[in-house]
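Source file input-v4.txt; content: compact mmCIF, N, CA and C atoms.
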# COMPACT_ATOMS: atom_id res chain seq x y z
N MET A 1 -13.73 42.24 151.21
CA MET A 1 -12.88 42.97 152.12
C MET A 1 -11.75 42.04 152.55
N LYS A 2 -10.52 42.57 152.51
CA LYS A 2 -9.33 41.78 152.86
C LYS A 2 -8.55 42.51 153.95
N ILE A 3 -8.22 41.75 154.99
CA ILE A 3 -7.50 42.32 156.13
C ILE A 3 -6.27 41.47 156.42
N LEU A 4 -5.15 42.15 156.64
CA LEU A 4 -3.91 41.50 157.02
C LEU A 4 -3.78 41.55 158.54
N VAL A 5 -3.48 40.42 159.15
CA VAL A 5 -3.25 40.33 160.59
C VAL A 5 -1.77 40.02 160.82
N LEU A 6 -1.07 40.96 161.43
CA LEU A 6 0.37 40.82 161.64
C LEU A 6 0.68 40.63 163.13
N ASN A 7 1.58 39.71 163.40
CA ASN A 7 1.99 39.40 164.76
C ASN A 7 3.50 39.52 164.88
N GLY A 8 3.94 40.19 165.94
CA GLY A 8 5.34 40.44 166.14
C GLY A 8 6.08 39.36 166.92
N PRO A 9 7.25 39.73 167.45
CA PRO A 9 8.17 38.76 168.04
C PRO A 9 7.61 38.04 169.27
N ASN A 10 7.98 36.79 169.35
CA ASN A 10 7.69 35.90 170.47
C ASN A 10 6.23 35.45 170.55
N LEU A 11 5.38 35.96 169.68
CA LEU A 11 3.99 35.52 169.71
C LEU A 11 3.86 34.09 169.21
N ASN A 12 4.86 33.60 168.49
CA ASN A 12 4.88 32.19 168.10
C ASN A 12 5.03 31.27 169.31
N LEU A 13 5.37 31.82 170.46
CA LEU A 13 5.54 31.04 171.68
C LEU A 13 4.28 31.03 172.56
N LEU A 14 3.21 31.67 172.08
CA LEU A 14 1.98 31.69 172.87
C LEU A 14 1.54 30.27 173.20
N GLY A 15 0.96 30.12 174.36
CA GLY A 15 0.54 28.80 174.83
C GLY A 15 1.50 28.26 175.86
N THR A 16 2.79 28.61 175.69
CA THR A 16 3.80 28.18 176.66
C THR A 16 4.50 29.37 177.29
N ARG A 17 4.46 30.51 176.65
CA ARG A 17 5.15 31.71 177.13
C ARG A 17 4.28 32.46 178.15
N GLU A 18 4.73 32.56 179.35
CA GLU A 18 4.07 33.33 180.40
C GLU A 18 2.54 33.23 180.35
N PRO A 19 2.01 32.03 180.55
CA PRO A 19 0.55 31.85 180.44
C PRO A 19 -0.24 32.70 181.43
N ASP A 20 0.40 33.13 182.52
CA ASP A 20 -0.29 34.01 183.46
C ASP A 20 -0.58 35.37 182.85
N LYS A 21 0.21 35.79 181.85
CA LYS A 21 -0.01 37.07 181.17
C LYS A 21 -0.74 36.91 179.85
N TYR A 22 -0.44 35.81 179.14
CA TYR A 22 -0.93 35.66 177.77
C TYR A 22 -1.95 34.55 177.58
N GLY A 23 -2.23 33.79 178.62
CA GLY A 23 -3.20 32.71 178.51
C GLY A 23 -2.59 31.46 177.91
N SER A 24 -3.44 30.48 177.66
CA SER A 24 -2.97 29.18 177.18
C SER A 24 -3.21 28.99 175.68
N ASP A 25 -3.85 29.95 175.03
CA ASP A 25 -4.09 29.83 173.59
C ASP A 25 -2.78 29.94 172.83
N THR A 26 -2.61 29.10 171.83
CA THR A 26 -1.45 29.21 170.94
C THR A 26 -1.78 30.21 169.83
N LEU A 27 -0.77 30.66 169.13
CA LEU A 27 -1.01 31.56 167.99
C LEU A 27 -1.83 30.84 166.93
N ASN A 28 -1.59 29.55 166.76
CA ASN A 28 -2.35 28.76 165.79
C ASN A 28 -3.84 28.70 166.18
N SER A 29 -4.13 28.53 167.45
CA SER A 29 -5.54 28.48 167.87
C SER A 29 -6.20 29.85 167.74
N ILE A 30 -5.44 30.90 167.98
CA ILE A 30 -5.97 32.26 167.79
C ILE A 30 -6.24 32.50 166.32
N GLU A 31 -5.35 32.03 165.46
CA GLU A 31 -5.55 32.17 164.01
C GLU A 31 -6.84 31.47 163.58
N LYS A 32 -7.05 30.25 164.02
CA LYS A 32 -8.28 29.51 163.67
C LYS A 32 -9.52 30.23 164.19
N PHE A 33 -9.44 30.72 165.42
CA PHE A 33 -10.52 31.48 166.04
C PHE A 33 -10.85 32.71 165.19
N LEU A 34 -9.82 33.43 164.76
CA LEU A 34 -10.05 34.65 163.99
C LEU A 34 -10.57 34.36 162.58
N TYR A 35 -10.12 33.27 161.98
CA TYR A 35 -10.66 32.88 160.67
C TYR A 35 -12.17 32.62 160.77
N ARG A 36 -12.61 31.98 161.85
CA ARG A 36 -14.05 31.75 162.04
C ARG A 36 -14.80 33.08 162.18
N GLU A 37 -14.23 33.99 162.96
CA GLU A 37 -14.86 35.30 163.15
C GLU A 37 -14.91 36.08 161.83
N ALA A 38 -13.84 36.01 161.06
CA ALA A 38 -13.79 36.71 159.77
C ALA A 38 -14.82 36.13 158.81
N LYS A 39 -14.95 34.82 158.81
CA LYS A 39 -15.94 34.17 157.93
C LYS A 39 -17.34 34.68 158.25
N ASN A 40 -17.66 34.85 159.53
CA ASN A 40 -18.97 35.37 159.94
C ASN A 40 -19.22 36.77 159.40
N LEU A 41 -18.15 37.54 159.19
CA LEU A 41 -18.28 38.89 158.67
C LEU A 41 -18.10 38.94 157.15
N ASN A 42 -17.85 37.79 156.54
CA ASN A 42 -17.56 37.71 155.11
C ASN A 42 -16.31 38.52 154.76
N VAL A 43 -15.29 38.38 155.61
CA VAL A 43 -14.02 39.07 155.44
C VAL A 43 -12.93 38.03 155.19
N GLU A 44 -12.05 38.32 154.26
CA GLU A 44 -10.90 37.46 154.01
C GLU A 44 -9.72 37.99 154.82
N ILE A 45 -9.05 37.12 155.56
CA ILE A 45 -7.88 37.55 156.31
C ILE A 45 -6.66 36.71 155.94
N ALA A 46 -5.51 37.34 156.11
CA ALA A 46 -4.22 36.64 156.03
C ALA A 46 -3.56 36.86 157.38
N PHE A 47 -3.02 35.81 157.95
CA PHE A 47 -2.48 35.82 159.31
C PHE A 47 -0.99 35.54 159.22
N GLU A 48 -0.16 36.46 159.68
CA GLU A 48 1.30 36.35 159.56
C GLU A 48 1.97 36.63 160.89
N GLN A 49 3.14 36.04 161.11
CA GLN A 49 3.95 36.30 162.30
C GLN A 49 5.41 36.34 161.91
N SER A 50 6.15 37.28 162.52
CA SER A 50 7.59 37.32 162.34
C SER A 50 8.26 37.84 163.60
N ASN A 51 9.42 37.30 163.88
CA ASN A 51 10.25 37.80 164.97
C ASN A 51 11.19 38.90 164.50
N ILE A 52 11.16 39.20 163.21
CA ILE A 52 12.13 40.12 162.60
C ILE A 52 11.44 41.43 162.20
N GLU A 53 11.91 42.52 162.76
CA GLU A 53 11.31 43.83 162.52
C GLU A 53 11.22 44.17 161.03
N GLY A 54 12.30 43.94 160.30
CA GLY A 54 12.31 44.27 158.87
C GLY A 54 11.29 43.48 158.07
N GLU A 55 11.06 42.23 158.46
CA GLU A 55 10.03 41.43 157.78
C GLU A 55 8.65 42.01 158.02
N LEU A 56 8.39 42.48 159.23
CA LEU A 56 7.09 43.10 159.52
C LEU A 56 6.92 44.38 158.71
N VAL A 57 7.98 45.17 158.61
CA VAL A 57 7.95 46.39 157.80
C VAL A 57 7.64 46.05 156.35
N THR A 58 8.30 45.04 155.82
CA THR A 58 8.06 44.63 154.43
C THR A 58 6.62 44.17 154.23
N LYS A 59 6.08 43.40 155.16
CA LYS A 59 4.70 42.92 155.05
C LYS A 59 3.72 44.09 155.08
N ILE A 60 3.99 45.09 155.91
CA ILE A 60 3.14 46.29 155.94
C ILE A 60 3.22 47.00 154.59
N GLN A 61 4.41 47.19 154.07
CA GLN A 61 4.58 47.86 152.78
C GLN A 61 3.87 47.12 151.66
N GLN A 62 3.97 45.79 151.66
CA GLN A 62 3.35 44.99 150.62
C GLN A 62 1.82 44.94 150.73
N ALA A 63 1.28 45.37 151.85
CA ALA A 63 -0.17 45.34 152.06
C ALA A 63 -0.90 46.40 151.22
N LYS A 64 -0.21 47.48 150.90
CA LYS A 64 -0.85 48.57 150.14
C LYS A 64 -1.32 48.06 148.78
N GLY A 65 -2.59 48.29 148.48
CA GLY A 65 -3.16 47.86 147.22
C GLY A 65 -3.63 46.42 147.22
N VAL A 66 -3.34 45.68 148.29
CA VAL A 66 -3.74 44.27 148.40
C VAL A 66 -4.81 44.11 149.48
N TYR A 67 -4.61 44.80 150.59
CA TYR A 67 -5.52 44.69 151.75
C TYR A 67 -6.23 46.01 151.98
N ASP A 68 -7.38 45.92 152.64
CA ASP A 68 -8.15 47.12 152.97
C ASP A 68 -7.73 47.70 154.32
N GLY A 69 -7.08 46.90 155.14
CA GLY A 69 -6.64 47.35 156.45
C GLY A 69 -5.78 46.30 157.11
N ILE A 70 -5.22 46.67 158.26
CA ILE A 70 -4.30 45.80 158.98
C ILE A 70 -4.67 45.78 160.46
N ILE A 71 -4.60 44.59 161.03
CA ILE A 71 -4.63 44.42 162.48
C ILE A 71 -3.22 44.02 162.85
N ILE A 72 -2.62 44.73 163.81
CA ILE A 72 -1.24 44.42 164.17
C ILE A 72 -1.09 44.27 165.68
N ASN A 73 -0.42 43.19 166.05
CA ASN A 73 0.07 43.02 167.41
C ASN A 73 1.59 43.10 167.30
N PRO A 74 2.15 44.30 167.44
CA PRO A 74 3.58 44.45 167.25
C PRO A 74 4.42 43.85 168.37
N ALA A 75 3.76 43.37 169.43
CA ALA A 75 4.45 42.78 170.58
C ALA A 75 5.50 43.76 171.10
N ALA A 76 6.71 43.31 171.38
CA ALA A 76 7.73 44.18 171.96
C ALA A 76 8.10 45.35 171.05
N TYR A 77 7.90 45.21 169.74
CA TYR A 77 8.20 46.32 168.82
C TYR A 77 7.25 47.49 169.03
N THR A 78 6.15 47.28 169.72
CA THR A 78 5.23 48.36 170.05
C THR A 78 5.97 49.52 170.68
N HIS A 79 6.91 49.21 171.54
CA HIS A 79 7.55 50.21 172.38
C HIS A 79 8.86 50.74 171.81
N THR A 80 9.29 50.17 170.68
CA THR A 80 10.62 50.54 170.18
C THR A 80 10.68 50.87 168.69
N SER A 81 9.71 50.45 167.91
CA SER A 81 9.91 50.45 166.46
C SER A 81 9.36 51.69 165.75
N ILE A 82 10.26 52.59 165.46
CA ILE A 82 9.92 53.72 164.61
C ILE A 82 9.77 53.24 163.17
N ALA A 83 10.50 52.18 162.80
CA ALA A 83 10.40 51.63 161.45
C ALA A 83 8.99 51.10 161.16
N ILE A 84 8.41 50.39 162.10
CA ILE A 84 7.04 49.89 161.92
C ILE A 84 6.07 51.06 161.90
N ARG A 85 6.26 52.03 162.78
CA ARG A 85 5.43 53.24 162.79
C ARG A 85 5.48 53.93 161.42
N ASP A 86 6.68 54.12 160.89
CA ASP A 86 6.83 54.80 159.60
C ASP A 86 6.20 54.00 158.46
N ALA A 87 6.29 52.67 158.52
CA ALA A 87 5.66 51.84 157.49
C ALA A 87 4.14 51.99 157.54
N ILE A 88 3.57 52.01 158.73
CA ILE A 88 2.13 52.21 158.87
C ILE A 88 1.73 53.54 158.26
N LEU A 89 2.47 54.59 158.55
CA LEU A 89 2.19 55.90 157.96
C LEU A 89 2.31 55.87 156.44
N ALA A 90 3.30 55.19 155.95
CA ALA A 90 3.60 55.19 154.51
C ALA A 90 2.51 54.52 153.68
N VAL A 91 1.91 53.46 154.19
CA VAL A 91 0.95 52.71 153.37
C VAL A 91 -0.44 53.33 153.37
N GLU A 92 -0.70 54.23 154.31
CA GLU A 92 -1.98 54.95 154.37
C GLU A 92 -3.17 54.00 154.39
N LEU A 93 -3.04 52.91 155.14
CA LEU A 93 -4.15 51.98 155.36
C LEU A 93 -4.61 52.13 156.81
N PRO A 94 -5.89 51.90 157.08
CA PRO A 94 -6.33 51.90 158.48
C PRO A 94 -5.75 50.70 159.21
N VAL A 95 -5.19 50.96 160.39
CA VAL A 95 -4.54 49.92 161.19
C VAL A 95 -5.09 49.98 162.60
N VAL A 96 -5.39 48.81 163.14
CA VAL A 96 -5.78 48.67 164.54
C VAL A 96 -4.66 47.93 165.27
N GLU A 97 -4.16 48.53 166.34
CA GLU A 97 -3.14 47.88 167.16
C GLU A 97 -3.85 47.09 168.26
N ILE A 98 -3.43 45.84 168.44
CA ILE A 98 -4.04 45.03 169.49
C ILE A 98 -2.95 44.39 170.35
N HIS A 99 -3.36 44.06 171.58
CA HIS A 99 -2.47 43.35 172.51
C HIS A 99 -3.31 42.38 173.32
N ILE A 100 -2.75 41.22 173.58
CA ILE A 100 -3.42 40.20 174.38
C ILE A 100 -3.49 40.64 175.84
N SER A 101 -2.38 41.12 176.38
CA SER A 101 -2.35 41.60 177.76
C SER A 101 -2.61 43.10 177.77
N ASN A 102 -2.94 43.61 178.95
CA ASN A 102 -3.13 45.05 179.08
C ASN A 102 -1.77 45.69 179.31
N ILE A 103 -1.23 46.27 178.26
CA ILE A 103 0.13 46.83 178.35
C ILE A 103 0.20 47.98 179.35
N HIS A 104 -0.92 48.59 179.66
CA HIS A 104 -0.94 49.72 180.58
C HIS A 104 -0.94 49.28 182.05
N LYS A 105 -1.10 47.99 182.29
CA LYS A 105 -1.04 47.45 183.64
C LYS A 105 0.26 46.70 183.89
N ARG A 106 1.18 46.81 182.95
CA ARG A 106 2.44 46.07 183.04
C ARG A 106 3.59 47.03 183.34
N GLU A 107 4.80 46.63 183.07
CA GLU A 107 5.97 47.46 183.33
C GLU A 107 5.81 48.82 182.65
N GLU A 108 6.36 49.84 183.28
CA GLU A 108 6.18 51.20 182.79
C GLU A 108 6.66 51.38 181.35
N PHE A 109 7.75 50.71 180.96
CA PHE A 109 8.25 50.89 179.59
C PHE A 109 7.24 50.38 178.56
N ARG A 110 6.32 49.51 178.97
CA ARG A 110 5.31 49.00 178.04
C ARG A 110 4.13 49.94 177.88
N HIS A 111 4.06 50.99 178.66
CA HIS A 111 2.93 51.92 178.59
C HIS A 111 2.99 52.81 177.36
N ILE A 112 4.15 52.94 176.77
CA ILE A 112 4.32 53.82 175.61
C ILE A 112 4.32 52.98 174.34
N SER A 113 3.45 53.36 173.42
CA SER A 113 3.39 52.70 172.12
C SER A 113 3.87 53.66 171.04
N MET A 114 4.86 53.23 170.28
CA MET A 114 5.33 54.02 169.14
C MET A 114 4.33 53.95 167.99
N THR A 115 3.56 52.87 167.94
CA THR A 115 2.69 52.64 166.79
C THR A 115 1.26 53.11 166.99
N ALA A 116 0.75 53.11 168.20
CA ALA A 116 -0.66 53.48 168.43
C ALA A 116 -1.03 54.86 167.88
N PRO A 117 -0.16 55.87 168.00
CA PRO A 117 -0.55 57.19 167.50
C PRO A 117 -0.80 57.27 165.99
N VAL A 118 -0.32 56.27 165.23
CA VAL A 118 -0.55 56.28 163.79
C VAL A 118 -1.59 55.23 163.38
N CYS A 119 -2.24 54.64 164.38
CA CYS A 119 -3.31 53.66 164.14
C CYS A 119 -4.66 54.33 164.39
N ILE A 120 -5.73 53.72 163.86
CA ILE A 120 -7.06 54.28 164.11
C ILE A 120 -7.52 53.99 165.53
N GLY A 121 -6.91 53.01 166.18
CA GLY A 121 -7.25 52.69 167.56
C GLY A 121 -6.39 51.58 168.11
N GLN A 122 -6.54 51.36 169.42
CA GLN A 122 -5.77 50.33 170.12
C GLN A 122 -6.71 49.54 171.03
N ILE A 123 -6.59 48.23 170.98
CA ILE A 123 -7.36 47.33 171.85
C ILE A 123 -6.36 46.50 172.64
N THR A 124 -6.52 46.49 173.95
CA THR A 124 -5.51 45.86 174.80
C THR A 124 -6.15 45.19 176.01
N GLY A 125 -5.69 43.98 176.31
CA GLY A 125 -6.05 43.35 177.56
C GLY A 125 -7.18 42.34 177.53
N PHE A 126 -7.64 41.94 176.37
CA PHE A 126 -8.78 41.03 176.29
C PHE A 126 -8.41 39.63 175.80
N GLY A 127 -7.15 39.26 175.95
CA GLY A 127 -6.73 37.94 175.51
C GLY A 127 -6.96 37.77 174.02
N LYS A 128 -7.33 36.56 173.62
CA LYS A 128 -7.56 36.31 172.19
C LYS A 128 -8.70 37.16 171.65
N ASN A 129 -9.59 37.59 172.54
CA ASN A 129 -10.69 38.45 172.09
C ASN A 129 -10.22 39.82 171.62
N SER A 130 -9.00 40.21 171.97
CA SER A 130 -8.45 41.45 171.43
C SER A 130 -8.40 41.37 169.90
N TYR A 131 -8.09 40.18 169.37
CA TYR A 131 -8.07 39.99 167.92
C TYR A 131 -9.49 40.14 167.35
N LYS A 132 -10.45 39.51 167.98
CA LYS A 132 -11.84 39.60 167.52
C LYS A 132 -12.34 41.04 167.58
N LEU A 133 -12.07 41.72 168.69
CA LEU A 133 -12.50 43.12 168.83
C LEU A 133 -11.80 44.01 167.80
N GLY A 134 -10.53 43.73 167.54
CA GLY A 134 -9.81 44.48 166.50
C GLY A 134 -10.40 44.26 165.13
N LEU A 135 -10.78 43.02 164.85
CA LEU A 135 -11.41 42.70 163.56
C LEU A 135 -12.74 43.43 163.42
N ILE A 136 -13.56 43.38 164.45
CA ILE A 136 -14.86 44.05 164.40
C ILE A 136 -14.68 45.56 164.26
N ALA A 137 -13.75 46.14 165.01
CA ALA A 137 -13.51 47.58 164.94
C ALA A 137 -13.04 47.99 163.55
N LEU A 138 -12.11 47.23 162.98
CA LEU A 138 -11.60 47.57 161.64
C LEU A 138 -12.68 47.37 160.59
N TYR A 139 -13.43 46.30 160.70
CA TYR A 139 -14.54 46.04 159.78
C TYR A 139 -15.54 47.20 159.82
N ASP A 140 -15.97 47.59 161.01
CA ASP A 140 -16.92 48.70 161.15
C ASP A 140 -16.34 50.00 160.58
N TYR A 141 -15.08 50.25 160.82
CA TYR A 141 -14.42 51.45 160.29
C TYR A 141 -14.43 51.45 158.76
N LEU A 142 -14.07 50.30 158.18
CA LEU A 142 -14.03 50.21 156.71
C LEU A 142 -15.42 50.39 156.10
N ILE A 143 -16.43 49.83 156.75
CA ILE A 143 -17.80 49.99 156.26
C ILE A 143 -18.24 51.45 156.40
N GLN A 144 -18.02 52.02 157.58
CA GLN A 144 -18.44 53.40 157.86
C GLN A 144 -17.81 54.40 156.91
N TYR A 145 -16.52 54.23 156.64
CA TYR A 145 -15.80 55.21 155.81
C TYR A 145 -15.66 54.75 154.37
N ASN A 146 -16.34 53.64 154.02
CA ASN A 146 -16.33 53.16 152.64
C ASN A 146 -14.93 53.01 152.08
N VAL A 147 -14.06 52.51 152.91
CA VAL A 147 -12.65 52.37 152.51
C VAL A 147 -12.48 51.11 151.70

Represent the structure from my file as structure tokens, please.
Amino acid sequence: MKILVLNGPNLNLLGTREPDKYGSDTLNSIEKFLYREAKNLNVEIAFEQSNIEGELVTKIQQAKGVYDGIIINPAAYTHTSIAIRDAILAVELPVVEIHISNIHKREEFRHISMTAPVCIGQITGFGKNSYKLGLIALYDYLIQYNV
């Protein structure tokens, strides 16, 4: 089983960016944490980050036929990107949207996700564990539906 983990803009600044909202973990430490969790499930993951919307769209498109599913933290693109939403629809892969902070407890504009309605689910507000919970949820989904 192969899963692509995509991270959107500014997540490369984790560890120093608003630690009161995002914690002190860096994206690199979250990646290592998730690789350990994936190994326990016998799942292969690829971990990617981009600040550029078009690059994220391309990575989603390239996932078809290579990966069994996607975990995505679209970051700020969650609330604005119809392009990422359309790419998720186009590849017809199961996708779990995750967020480190609880977007529903933040500014009102963050309450709306353009991408969640085309994902199998959304996990929000559990810090780095949102990645682990997303991995477990996607893994269980793929096993259950034999995808």

- Message: Among chain A, which residues does DSSP mark as strand (DSSP E) when it is run on the backbone? Keep the chain and numbering as in the structure and answer as a PyMOL selection string.
- Response: chain A and resi 2-7+44-49+69-73+95-99+121-124

- Query: Can you list every residue in chain A that DSSP puts in alpha helix (DSSP H), as number ranges by chain?
  - Reply: A: 19-22, 27-41, 53-63, 82-91, 129-144

- Item | Point (-9.2, 41.9, 152.9) neighbourhood (8 Å, only C-alpha atoms) written as a PyMOL selection string | chain A and resi 1-4+43-46+66-69

Got time to write the residues from that selection, N, CA and C atoms, as a CSV table (one decimal), in the coordinates of the input?
chain,number,residue,atom,x,y,z
A,1,MET,N,-13.7,42.2,151.2
A,1,MET,CA,-12.9,43.0,152.1
A,1,MET,C,-11.8,42.0,152.6
A,2,LYS,N,-10.5,42.6,152.5
A,2,LYS,CA,-9.3,41.8,152.9
A,2,LYS,C,-8.6,42.5,154.0
A,3,ILE,N,-8.2,41.8,155.0
A,3,ILE,CA,-7.5,42.3,156.1
A,3,ILE,C,-6.3,41.5,156.4
A,4,LEU,N,-5.2,42.2,156.6
A,4,LEU,CA,-3.9,41.5,157.0
A,4,LEU,C,-3.8,41.6,158.5
A,43,VAL,N,-15.3,38.4,155.6
A,43,VAL,CA,-14.0,39.1,155.4
A,43,VAL,C,-12.9,38.0,155.2
A,44,GLU,N,-12.0,38.3,154.3
A,44,GLU,CA,-10.9,37.5,154.0
A,44,GLU,C,-9.7,38.0,154.8
A,45,ILE,N,-9.0,37.1,155.6
A,45,ILE,CA,-7.9,37.6,156.3
A,45,ILE,C,-6.7,36.7,155.9
A,46,ALA,N,-5.5,37.3,156.1
A,46,ALA,CA,-4.2,36.6,156.0
A,46,ALA,C,-3.6,36.9,157.4
A,66,VAL,N,-3.3,45.7,148.3
A,66,VAL,CA,-3.7,44.3,148.4
A,66,VAL,C,-4.8,44.1,149.5
A,67,TYR,N,-4.6,44.8,150.6
A,67,TYR,CA,-5.5,44.7,151.8
A,67,TYR,C,-6.2,46.0,152.0
A,68,ASP,N,-7.4,45.9,152.6
A,68,ASP,CA,-8.2,47.1,153.0
A,68,ASP,C,-7.7,47.7,154.3
A,69,GLY,N,-7.1,46.9,155.1
A,69,GLY,CA,-6.6,47.4,156.4
A,69,GLY,C,-5.8,46.3,157.1

- Looking at all atoms listed in the file, which of A:Asn10, A:Gly125, A:Ile120, A:Ile60 is the one that sits closest to His104 of chain A?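 That would be A:Gly125, the residue with the smallest distance to His104 of chain A.
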
- Message: Quick check, in Å to one decimal: how far apart do atom N of Glu97 of chain A and atom N of Gly23 of chain A lie?
- Response: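 Interatomic distance here is 19.3 Å.
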
- Item | Atomic distance atom CA of Gly15 of chain A - atom N of Leu27 of chain A, expressed in Å with one decimal | 6.1 Å

Let me have the centre and edge lengths in Å, one decimal, of the box along x, y and z around every listed atom of segment 118-125 of chain A with 8 Å of margin on each side, as JSON.
{"center_x": -3.9, "center_y": 49.3, "center_z": 170.5, "size_x": 23.2, "size_y": 29.9, "size_z": 30.2}

Polymer residues at most 7 Å from (-9.1, 46.7, 169.3) by only C-alpha atoms, as a PDB file with N, CA and C atoms, keeping the file's coordinate frame:
ATOM      1  N   VAL A  96      -5.390  48.810 163.140  1.00  0.00           N
ATOM      2  CA  VAL A  96      -5.780  48.670 164.540  1.00  0.00           C
ATOM      3  C   VAL A  96      -4.660  47.930 165.270  1.00  0.00           C
ATOM      4  N   GLU A  97      -4.160  48.530 166.340  1.00  0.00           N
ATOM      5  CA  GLU A  97      -3.140  47.880 167.160  1.00  0.00           C
ATOM      6  C   GLU A  97      -3.850  47.090 168.260  1.00  0.00           C
ATOM      7  N   ILE A  98      -3.430  45.840 168.440  1.00  0.00           N
ATOM      8  CA  ILE A  98      -4.040  45.030 169.490  1.00  0.00           C
ATOM      9  C   ILE A  98      -2.950  44.390 170.350  1.00  0.00           C
ATOM     10  N   GLY A 121      -6.910  53.010 166.180  1.00  0.00           N
ATOM     11  CA  GLY A 121      -7.250  52.690 167.560  1.00  0.00           C
ATOM     12  C   GLY A 121      -6.390  51.580 168.110  1.00  0.00           C
ATOM     13  N   GLN A 122      -6.540  51.360 169.420  1.00  0.00           N
ATOM     14  CA  GLN A 122      -5.770  50.330 170.120  1.00  0.00           C
ATOM     15  C   GLN A 122      -6.710  49.540 171.030  1.00  0.00           C
ATOM     16  N   ILE A 123      -6.590  48.230 170.980  1.00  0.00           N
ATOM     17  CA  ILE A 123      -7.360  47.330 171.850  1.00  0.00           C
ATOM     18  C   ILE A 123      -6.360  46.500 172.640  1.00  0.00           C
ATOM     19  N   THR A 124      -6.520  46.490 173.950  1.00  0.00           N
ATOM     20  CA  THR A 124      -5.510  45.860 174.800  1.00  0.00           C
ATOM     21  C   THR A 124      -6.150  45.190 176.010  1.00  0.00           C
ATOM     22  N   SER A 130      -9.000  40.210 171.970  1.00  0.00           N
ATOM     23  CA  SER A 130      -8.450  41.450 171.430  1.00  0.00           C
ATOM     24  C   SER A 130      -8.400  41.370 169.900  1.00  0.00           C
ATOM     25  N   TYR A 131      -8.090  40.180 169.370  1.00  0.00           N
ATOM     26  CA  TYR A 131      -8.070  39.990 167.920  1.00  0.00           C
ATOM     27  C   TYR A 131      -9.490  40.140 167.350  1.00  0.00           C
ATOM     28  N   LEU A 133     -12.070  41.720 168.690  1.00  0.00           N
ATOM     29  CA  LEU A 133     -12.500  43.120 168.830  1.00  0.00           C
ATOM     30  C   LEU A 133     -11.800  44.010 167.800  1.00  0.00           C
ATOM     31  N   GLY A 134     -10.530  43.730 167.540  1.00  0.00           N
ATOM     32  CA  GLY A 134      -9.810  44.480 166.500  1.00  0.00           C
ATOM     33  C   GLY A 134     -10.400  44.260 165.130  1.00  0.00           C
ATOM     34  N   ALA A 137     -13.750  46.140 165.010  1.00  0.00           N
ATOM     35  CA  ALA A 137     -13.510  47.580 164.940  1.00  0.00           C
ATOM     36  C   ALA A 137     -13.040  47.990 163.550  1.00  0.00           C
TER      37      ALA A 137
END

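Distance-wise, atom C of Asn7 of chain A and atom N of Ile30 of chain A end up 12.8 Å apart.
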
- Could you name the residues that touch Glu92 of chain A at 8 Å or less, counting only N, CA and C atoms, but leaving out those on the same chain fewer than 3 positions away, as a ChimeraX atom specification? /A:64,68-69,87-89,95

- Task: Would you mind listing what lies within 7 Å of Thr78 of chain A as a ChimeraX atom specification, with only C-alpha atoms counted and same-chain residues fewer than 5 positions away left out?
- Result: /A:113-115

Serialized selection, N, CA and C atoms, as a compact mmCIF listing (two decimals), keeping the file's coordinate frame:
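File written: again_15.txt
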# COMPACT_ATOMS: atom_id res chain seq x y z
N SER A 113 3.45 53.36 173.42
CA SER A 113 3.39 52.70 172.12
C SER A 113 3.87 53.66 171.04
N MET A 114 4.86 53.23 170.28
CA MET A 114 5.33 54.02 169.14
C MET A 114 4.33 53.95 167.99
N THR A 115 3.56 52.87 167.94
CA THR A 115 2.69 52.64 166.79
C THR A 115 1.26 53.11 166.99

Kindly output segment 122-129 of chain A as a PDB file, in the frame of the given file, after building N, CA, C and O atoms.
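Saved as result.pdb:
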ATOM      1  N   GLN A 122      -6.540  51.360 169.420  1.00  0.00           N
ATOM      2  CA  GLN A 122      -5.770  50.330 170.120  1.00  0.00           C
ATOM      3  C   GLN A 122      -6.710  49.540 171.030  1.00  0.00           C
ATOM      4  O   GLN A 122      -7.537  50.125 171.726  1.00  0.00           O
ATOM      5  N   ILE A 123      -6.590  48.230 170.980  1.00  0.00           N
ATOM      6  CA  ILE A 123      -7.360  47.330 171.850  1.00  0.00           C
ATOM      7  C   ILE A 123      -6.360  46.500 172.640  1.00  0.00           C
ATOM      8  O   ILE A 123      -5.488  45.863 172.053  1.00  0.00           O
ATOM      9  N   THR A 124      -6.520  46.490 173.950  1.00  0.00           N
ATOM     10  CA  THR A 124      -5.510  45.860 174.800  1.00  0.00           C
ATOM     11  C   THR A 124      -6.150  45.190 176.010  1.00  0.00           C
ATOM     12  O   THR A 124      -7.071  45.730 176.599  1.00  0.00           O
ATOM     13  N   GLY A 125      -5.690  43.980 176.310  1.00  0.00           N
ATOM     14  CA  GLY A 125      -6.050  43.350 177.560  1.00  0.00           C
ATOM     15  C   GLY A 125      -7.180  42.340 177.530  1.00  0.00           C
ATOM     16  O   GLY A 125      -7.614  41.886 178.583  1.00  0.00           O
ATOM     17  N   PHE A 126      -7.640  41.940 176.370  1.00  0.00           N
ATOM     18  CA  PHE A 126      -8.780  41.030 176.290  1.00  0.00           C
ATOM     19  C   PHE A 126      -8.410  39.630 175.800  1.00  0.00           C
ATOM     20  O   PHE A 126      -9.256  38.912 175.273  1.00  0.00           O
ATOM     21  N   GLY A 127      -7.150  39.260 175.950  1.00  0.00           N
ATOM     22  CA  GLY A 127      -6.730  37.940 175.510  1.00  0.00           C
ATOM     23  C   GLY A 127      -6.960  37.770 174.020  1.00  0.00           C
ATOM     24  O   GLY A 127      -6.820  38.713 173.241  1.00  0.00           O
ATOM     25  N   LYS A 128      -7.330  36.560 173.620  1.00  0.00           N
ATOM     26  CA  LYS A 128      -7.560  36.310 172.190  1.00  0.00           C
ATOM     27  C   LYS A 128      -8.700  37.160 171.650  1.00  0.00           C
ATOM     28  O   LYS A 128      -8.758  37.464 170.461  1.00  0.00           O
ATOM     29  N   ASN A 129      -9.590  37.590 172.540  1.00  0.00           N
ATOM     30  CA  ASN A 129     -10.690  38.450 172.090  1.00  0.00           C
ATOM     31  C   ASN A 129     -10.220  39.820 171.620  1.00  0.00           C
ATOM     32  O   ASN A 129     -10.960  40.511 170.932  1.00  0.00           O
TER      33      ASN A 129
END
